[in-house]
Every structure is written in structure tokens, then in C-alpha cells.
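Structure file target.txt; described as compact mmCIF, C-alpha atoms.
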```txt
# COMPACT_ATOMS: atom_id res chain seq x y z
CA MET A 1037 14.12 4.13 -28.53
CA GLU A 1038 12.70 5.73 -25.38
CA HIS A 1039 14.47 4.96 -22.11
CA ILE A 1040 12.21 4.27 -19.10
CA ARG A 1041 13.81 4.44 -15.67
CA ILE A 1042 12.32 2.59 -12.68
CA LEU A 1043 13.24 2.56 -8.99
CA ALA A 1044 12.36 -0.57 -6.98
CA VAL A 1045 12.44 -0.30 -3.16
CA ASP A 1046 12.17 -3.59 -1.26
CA ASP A 1047 14.16 -5.04 1.66
CA HIS A 1048 13.79 -8.54 0.16
CA GLU A 1049 16.61 -8.37 -2.35
CA MET A 1050 15.71 -11.56 -4.24
CA ILE A 1051 12.24 -10.17 -4.93
CA MET A 1052 13.60 -6.77 -5.92
CA PHE A 1053 16.20 -8.22 -8.28
CA GLY A 1054 13.49 -10.47 -9.71
CA TYR A 1055 11.61 -7.33 -10.76
CA LYS A 1056 14.84 -5.93 -12.21
CA TYR A 1057 15.70 -9.05 -14.21
CA ILE A 1058 12.19 -9.52 -15.62
CA LEU A 1059 11.63 -5.89 -16.58
CA GLU A 1060 15.07 -5.24 -18.05
CA ASP A 1061 14.86 -8.48 -20.05
CA ALA A 1062 11.30 -7.88 -21.28
CA ASP A 1063 10.76 -7.15 -24.96
CA PHE A 1064 8.94 -3.81 -24.94
CA CYS A 1065 8.38 -2.49 -28.46
CA ASP A 1066 8.59 1.24 -27.79
CA PHE A 1067 11.07 1.55 -24.95
CA LYS A 1068 13.93 0.04 -22.98
CA ILE A 1069 13.84 -0.24 -19.19
CA THR A 1070 16.54 0.31 -16.58
CA VAL A 1071 15.71 -0.62 -12.98
CA ASP A 1072 17.60 0.93 -10.06
CA THR A 1073 17.21 -0.73 -6.66
CA ALA A 1074 17.16 0.28 -2.99
CA ASN A 1075 16.94 -2.21 -0.11
CA SER A 1076 16.15 0.25 2.69
CA PHE A 1077 14.09 3.33 3.55
CA GLU A 1078 17.20 5.53 3.69
CA LEU A 1079 18.53 4.42 0.32
CA GLY A 1080 15.12 4.78 -1.28
CA ILE A 1081 14.83 8.38 -0.05
CA LYS A 1082 18.41 9.11 -1.18
CA LYS A 1083 17.82 7.82 -4.71
CA ILE A 1084 14.60 9.81 -5.05
CA GLU A 1085 16.40 12.97 -3.90
CA GLU A 1086 19.23 12.31 -6.38
CA SER A 1087 16.72 11.86 -9.18
CA THR A 1088 15.68 15.49 -8.89
CA ILE A 1089 19.15 16.59 -10.04
CA SER A 1090 20.11 14.73 -13.20
CA TYR A 1091 17.40 12.23 -14.20
CA LYS A 1092 13.78 11.27 -13.53
CA TYR A 1093 12.24 8.01 -12.42
CA ASP A 1094 9.24 7.26 -14.58
CA ILE A 1095 7.95 4.66 -12.10
CA ILE A 1096 8.73 4.05 -8.41
CA LEU A 1097 7.89 0.55 -7.10
CA LEU A 1098 7.42 0.38 -3.32
CA ASP A 1099 6.98 -2.40 -0.81
CA ILE A 1100 4.98 -1.26 2.24
CA GLN A 1101 6.82 -3.13 4.97
CA LEU A 1102 10.52 -2.25 5.21
CA SER A 1103 13.21 -3.09 7.74
CA ILE A 1104 13.61 -0.64 10.65
CA THR A 1105 15.99 2.22 9.82
CA GLU A 1106 19.51 2.56 11.24
CA GLU A 1107 18.12 5.01 13.81
CA GLY A 1108 15.54 2.45 14.88
CA THR A 1109 12.62 4.33 13.32
CA PRO A 1110 9.90 2.13 11.76
CA HIS A 1111 9.48 3.98 8.46
CA THR A 1112 7.51 2.26 5.70
CA GLY A 1113 7.11 2.29 1.96
CA GLU A 1114 4.01 4.39 2.57
CA ASP A 1115 6.29 7.11 4.02
CA ILE A 1116 8.45 6.92 0.89
CA GLY A 1117 5.31 7.21 -1.24
CA VAL A 1118 4.24 10.39 0.56
CA PHE A 1119 7.78 11.78 0.15
CA ALA A 1120 7.84 10.89 -3.56
CA ARG A 1121 4.52 12.60 -4.18
CA LYS A 1122 5.94 15.85 -2.76
CA THR A 1123 9.45 15.57 -4.21
CA VAL A 1124 8.94 14.00 -7.65
CA PRO A 1125 5.24 14.49 -8.45
CA ASP A 1126 5.68 13.47 -12.09
CA SER A 1127 6.93 9.99 -11.15
CA LYS A 1128 4.31 7.24 -11.07
CA VAL A 1129 4.08 5.40 -7.72
CA VAL A 1130 3.10 1.72 -7.57
CA PHE A 1131 2.92 -0.40 -4.41
CA MET A 1132 4.01 -4.06 -4.60
CA SER A 1133 2.99 -5.59 -1.28
CA SER A 1134 1.99 -8.86 0.34
CA PHE A 1135 -0.80 -6.94 2.12
CA SER A 1136 -4.17 -7.59 0.50
CA ASP A 1137 -6.53 -6.50 3.32
CA ASN A 1138 -9.02 -3.73 2.61
CA TYR A 1139 -7.85 -1.54 5.49
CA ARG A 1140 -4.23 -1.37 4.36
CA ILE A 1141 -4.97 -0.93 0.65
CA ASN A 1142 -7.62 1.74 1.11
CA ASN A 1143 -5.44 3.57 3.63
CA ILE A 1144 -2.63 3.69 1.03
CA LEU A 1145 -5.07 5.01 -1.56
CA THR A 1146 -6.01 7.81 0.83
CA THR A 1147 -2.53 8.82 2.04
CA VAL A 1148 -0.50 8.40 -1.16
CA ASP A 1149 -3.05 8.16 -4.01
CA PRO A 1150 -0.75 5.76 -5.92
CA ASP A 1151 -0.91 5.03 -9.63
CA GLY A 1152 -1.12 1.32 -8.94
CA TYR A 1153 -1.20 -1.46 -6.34
CA MET A 1154 -0.14 -5.07 -6.88
CA VAL A 1155 -0.46 -7.90 -4.35
CA LYS A 1156 2.80 -9.86 -4.45
CA SER A 1157 1.12 -13.26 -4.75
CA GLU A 1158 -0.29 -12.07 -8.10
CA ILE A 1159 2.98 -10.73 -9.52
CA ASN A 1160 4.53 -12.60 -12.42
CA LYS A 1161 6.14 -11.79 -15.76
CA LYS A 1162 2.82 -11.06 -17.46
CA THR A 1163 1.37 -8.85 -14.70
CA LEU A 1164 4.63 -6.88 -14.44
CA TYR A 1165 4.58 -6.35 -18.19
CA ASP A 1166 0.91 -5.29 -18.12
CA MET A 1167 1.51 -3.00 -15.14
CA VAL A 1168 4.31 -1.07 -16.88
CA HIS A 1169 2.29 -0.63 -20.07
CA THR A 1170 -0.79 0.55 -18.17
CA ILE A 1171 1.07 2.87 -15.80
CA LEU A 1172 2.90 4.57 -18.68
CA LYS A 1173 -0.13 4.83 -20.97
CA ASP A 1174 -3.33 4.95 -18.91
CA PRO A 1175 -2.98 4.53 -15.12
CA PRO A 1176 -4.06 3.28 -12.61
CA TYR A 1177 -3.20 -0.43 -12.54
CA TYR A 1178 -4.52 -2.74 -9.80
CA SER A 1179 -3.96 -6.47 -9.52
CA SER A 1180 -7.08 -8.61 -9.03
CA LYS A 1181 -6.99 -8.82 -5.22
CA ALA A 1182 -6.30 -5.10 -4.87
CA LEU A 1183 -9.23 -4.29 -7.14
CA GLN A 1184 -11.51 -6.59 -5.11
CA ALA A 1185 -10.58 -4.73 -1.91
CA ILE A 1186 -11.29 -1.36 -3.52
CA ARG A 1187 -14.64 -2.47 -4.92
CA ARG A 1188 -15.75 -3.95 -1.59
CA LYS A 1189 -14.98 -0.69 0.16
CA MET A 1190 -16.80 1.36 -2.50
CA SER A 1191 -19.88 -0.84 -2.24
CA SER A 1192 -20.39 -0.01 1.44
CA ASN A 1193 -22.79 2.89 2.09
CA ILE A 1194 -21.68 3.29 5.71
CA SER A 1195 -19.32 6.14 6.56
CA ILE A 1196 -16.95 5.72 9.51
CA ASP A 1197 -14.04 7.93 10.53
CA GLU A 1198 -10.35 7.13 10.94
CA ASN A 1199 -10.58 6.26 14.65
CA ASP A 1200 -13.43 3.82 13.92
CA LYS A 1201 -11.31 2.18 11.21
CA LYS A 1202 -8.34 1.87 13.58
CA ILE A 1203 -10.51 0.29 16.29
CA ILE A 1204 -11.84 -2.32 13.84
CA TYR A 1205 -8.41 -3.01 12.37
CA HIS A 1206 -6.65 -3.50 15.71
CA LEU A 1207 -9.45 -5.70 17.01
CA SER A 1208 -9.14 -7.80 13.85
CA ILE A 1209 -5.43 -8.48 14.48
CA GLY A 1210 -6.06 -9.54 18.07
CA THR A 1211 -5.50 -6.35 20.08
CA LYS A 1212 -7.44 -6.35 23.35
CA THR A 1213 -9.88 -3.48 23.93
CA LYS A 1214 -7.97 -2.39 27.05
CA ASP A 1215 -4.80 -2.04 24.91
CA LEU A 1216 -6.40 0.02 22.13
CA THR A 1217 -5.47 3.24 23.92
CA ASN A 1218 -1.85 2.45 22.98
CA HIS A 1219 -2.76 2.77 19.30
CA ILE A 1220 -5.64 5.27 19.23
CA SER A 1221 -5.81 8.76 20.76
CA LEU A 1222 -9.01 8.10 22.68
CA SER A 1223 -9.81 7.18 26.27
CA LEU A 1224 -10.93 3.64 27.05
CA ALA A 1225 -14.46 4.93 27.66
CA GLY A 1226 -14.38 6.71 24.32
CA ILE A 1227 -13.27 3.52 22.57
CA GLU A 1228 -16.05 1.52 24.23
CA ASN A 1229 -18.59 4.11 23.05
CA ARG A 1230 -17.21 3.89 19.52
CA LYS A 1231 -17.52 0.11 19.54
CA ARG A 1232 -21.13 0.30 20.70
CA HIS A 1233 -21.92 2.87 17.98
CA LEU A 1234 -20.28 0.70 15.29
CA LYS A 1235 -22.34 -2.30 16.34
CA VAL A 1236 -25.51 -0.19 16.11
CA ILE A 1237 -24.79 1.11 12.58
CA PHE A 1238 -23.79 -2.41 11.46
CA GLY A 1239 -27.01 -3.79 12.91
CA ILE A 1240 -25.31 -6.15 15.39
CA GLU A 1241 -25.77 -4.19 18.64
CA LYS A 1242 -26.49 -7.32 20.72
CA GLN A 1243 -23.38 -9.21 19.53
CA ASN A 1244 -19.69 -9.44 20.50
CA ASP A 1245 -16.48 -8.00 19.07
CA GLN A 1246 -15.96 -10.97 16.74
CA ALA A 1247 -19.31 -10.23 15.13
CA LEU A 1248 -18.16 -6.62 14.66
CA ILE A 1249 -14.97 -7.84 12.96
CA ASN A 1250 -16.89 -10.24 10.72
CA GLU A 1251 -19.39 -7.57 9.68
CA ALA A 1252 -16.59 -5.06 8.97
CA LYS A 1253 -14.92 -7.65 6.70
CA ILE A 1254 -18.18 -8.26 4.84
CA ARG A 1255 -18.60 -4.52 4.30
CA GLY A 1256 -15.00 -4.09 3.15
CA PHE A 1257 -13.56 -2.04 6.02
CA ILE A 1258 -10.82 -4.62 6.78
```

Turn the structure described in the file into C-alpha cells.
Amino acid sequence: MEHIRILAVDDHEMIMFGYKYILEDADFCDFKITVDTANSFELGIKKIEESTISYKYDIILLDIQLSITEEGTPHTGEDIGVFARKTVPDSKVVFMSSFSDNYRINNILTTVDPDGYMVKSEINKKTLYDMVHTILKDPPYYSSKALQAIRRKMSSNISIDENDKKIIYHLSIGTKTKDLTNHISLSLAGIENRKRHLKVIFGIEKQNDQALINEAKIRGFI
């Protein structure tokens, strides 16, 4: 019987060991699963590096939001995904995250190009089972909410660049315009110009920032 090896990286150990228990106990016809775990960025990187020596992870499961590293650096599961793509390109990468917003999911698709994305609220025994089968046989695998976010983004015929996306995203989480310069490499005047341009292309040039946020949500940018 084939042996499938999976690495799960999540700083919520009960969730991570839930994946381990369900997958190792599942009755797969063609293979048996072993799940290794890592509860931090550092340990996740270490296990991926070790896998290049004596064994291979068939699937790497990653949470996006991880605890700050021992050095105080806010690395994420996205950083591990980028590292895995370079270090173990044959391993399948799947994100398991509570984030279901369009901005975060589509950003992950751009930076990592994962083989799957599951929103945690949709994860259960059946979806885990289906995910493993799909990822091994015919990837990608997206849970329902992740697929909705991807489709909404694809349906928009408006093209905006990365700075525009960041402006919309930070406004949507409550960042004041005057504080956007802390997150985006543009002057305040440049940001104001970008906002005006976005309102024009969205057809809401006479309206406020909340209208911009609402329209961006409708069009799938956040």
C-alpha cells in the first residue's frame, strides 16, 4: 500500500492534531497517511528542509496566520508557501485558513499558486477526505467559500494594480487615509489621487470611501 506523507503547519495545536487524527484514521483504499506537525514558522521551515534529505512530503497544509517568530518577525504561512515552492516544488501546497475574503485568497493565489485553499469553517471529515483525494489525483481543490471568492474576482472586468488593492483593503479594515502611507509606498497625495481614480473607474466618483469599499466588495476585490 502506498504511503502518503503530509505536513500540517498551524499554531493552533488542537486544530492541527484534529487534521492528523482524522486523516490518519481515514479509510483510504489505495494509500495510508502519516501526518507530521509543526506549530511555528521556524519548525515548519525546518521540517521542509529536512524533507529534502530523506523523504518527501506529498502535501503541505498551511495556516496563513502564525504566531510571531522567536526573533519577533511576523512571518506567515504564505512565507512558508513561497519557501516550499522553491525548496520542494513537487510537494502539493494547500492553505487551511479562517480568511475567506477575496483580497487575501487571491493574493495567496498570486504569490504562492497553491494546489488548494480551504476555509476553516468548511473543514470537516468529508471535506478533508475529498481534499486529499483531489490534490493527489487532479488538483486544485477549493472549498466552497474559497471558490466563490475566486469566481467573484474573475468576473470583474476592471484591472487595478497592487497599490490600488492595498488601498482598498486597508480602507476596508478601518485604516484612515492619513495612515495609509504606513502601509503603502506612496505619498499621501498619491494615495488621494489613486482613490479618486478608483471611484471614477467604479462609477462612484461623487461618493465617499465607504461607497468605494462597498463597490470593491461587489466586484470581488476584497

Residues within 8 Å of segment 1040-1051 of chain A, only C-alpha atoms, excluding chain neighbours under 3 positions, as number ranges by chain: A: 1054-1056, 1067-1077, 1080, 1092-1099, 1102-1103, 1113

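The shortest atom-to-atom distance to Thr1088 of chain A, with only C-alpha atoms taken into account, belongs to A:Lys1122 out of A:Lys1122, A:Lys1156, A:Lys1242, A:His1169.
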
Nearest-residue call for Arg1140 of chain A, choices A:Arg1121, A:Lys1189, A:His1111, A:Lys1128, using all atoms listed in the file: A:Lys1189

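What separates atom CA of Val1168 of chain A from atom CA of Ile1100 of chain A is a distance of 19.1 Å.
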
Taking all atoms listed in the file into account, name the residue in A:Leu1059, A:Ile1084, A:Ile1227, A:Val1148 that is nearest to Ile1204 of chain A. A:Ile1227

From the list A:Glu1241, A:Asp1174, A:Asp1197, A:Glu1060, the nearest residue to His1039 of chain A using only C-alpha atoms is A:Glu1060

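Counting only C-alpha atoms and comparing A:Val1124, A:Asp1151, A:Glu1198, A:Ser1157, the residue that lies closest to Leu1172 of chain A is A:Asp1151.
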
Enumerate, in order of chain and increasing residue number, the residues of segment 1162-1216 of chain A with an atom no farther than 10 Å from segment 1248-1254 of chain A, each with its shortest atom pair and distance in Å to one decimal, counting all atoms listed in the file, as CSV.
```
residue,atom,partner,partner_atom,distance
A:Arg1188,CA,A:Ile1254,CA,8.1
A:Lys1189,CA,A:Ile1254,CA,9.5
A:Ser1192,CA,A:Ile1254,CA,9.2
A:Lys1201,CA,A:Ala1252,CA,9.2
A:Ile1203,CA,A:Ile1249,CA,9.9
A:Ile1204,CA,A:Ile1249,CA,6.4
A:Tyr1205,CA,A:Ile1249,CA,8.2
A:His1206,CA,A:Ile1249,CA,9.8
A:Leu1207,CA,A:Ile1249,CA,7.2
A:Ser1208,CA,A:Ile1249,CA,5.9
A:Ile1209,CA,A:Ile1249,CA,9.7
```

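Residue nearest Thr1170 of chain A within the list A:Thr1123, A:Val1130, A:Ser1195, A:Lys1231: A:Val1130 [criterion: smallest interatomic distance, all atoms listed in the file].
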
One decimal, Å: what's the distance from atom CA of His1219 of chain A over to atom CA of Asn1199 of chain A, could you say? 9.7 Å

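In this structure, atom CA of Tyr1139 of chain A sits 29.2 Å away from atom CA of Lys1083 of chain A.
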
So that I can see what lies close to Ile1196 of chain A, please list as number ranges by chain the residues with an atom at most 10 Å from it, counting only C-alpha atoms and leaving out residues fewer than 4 positions away in the same chain. A: 1200-1201, 1234, 1237, 1257
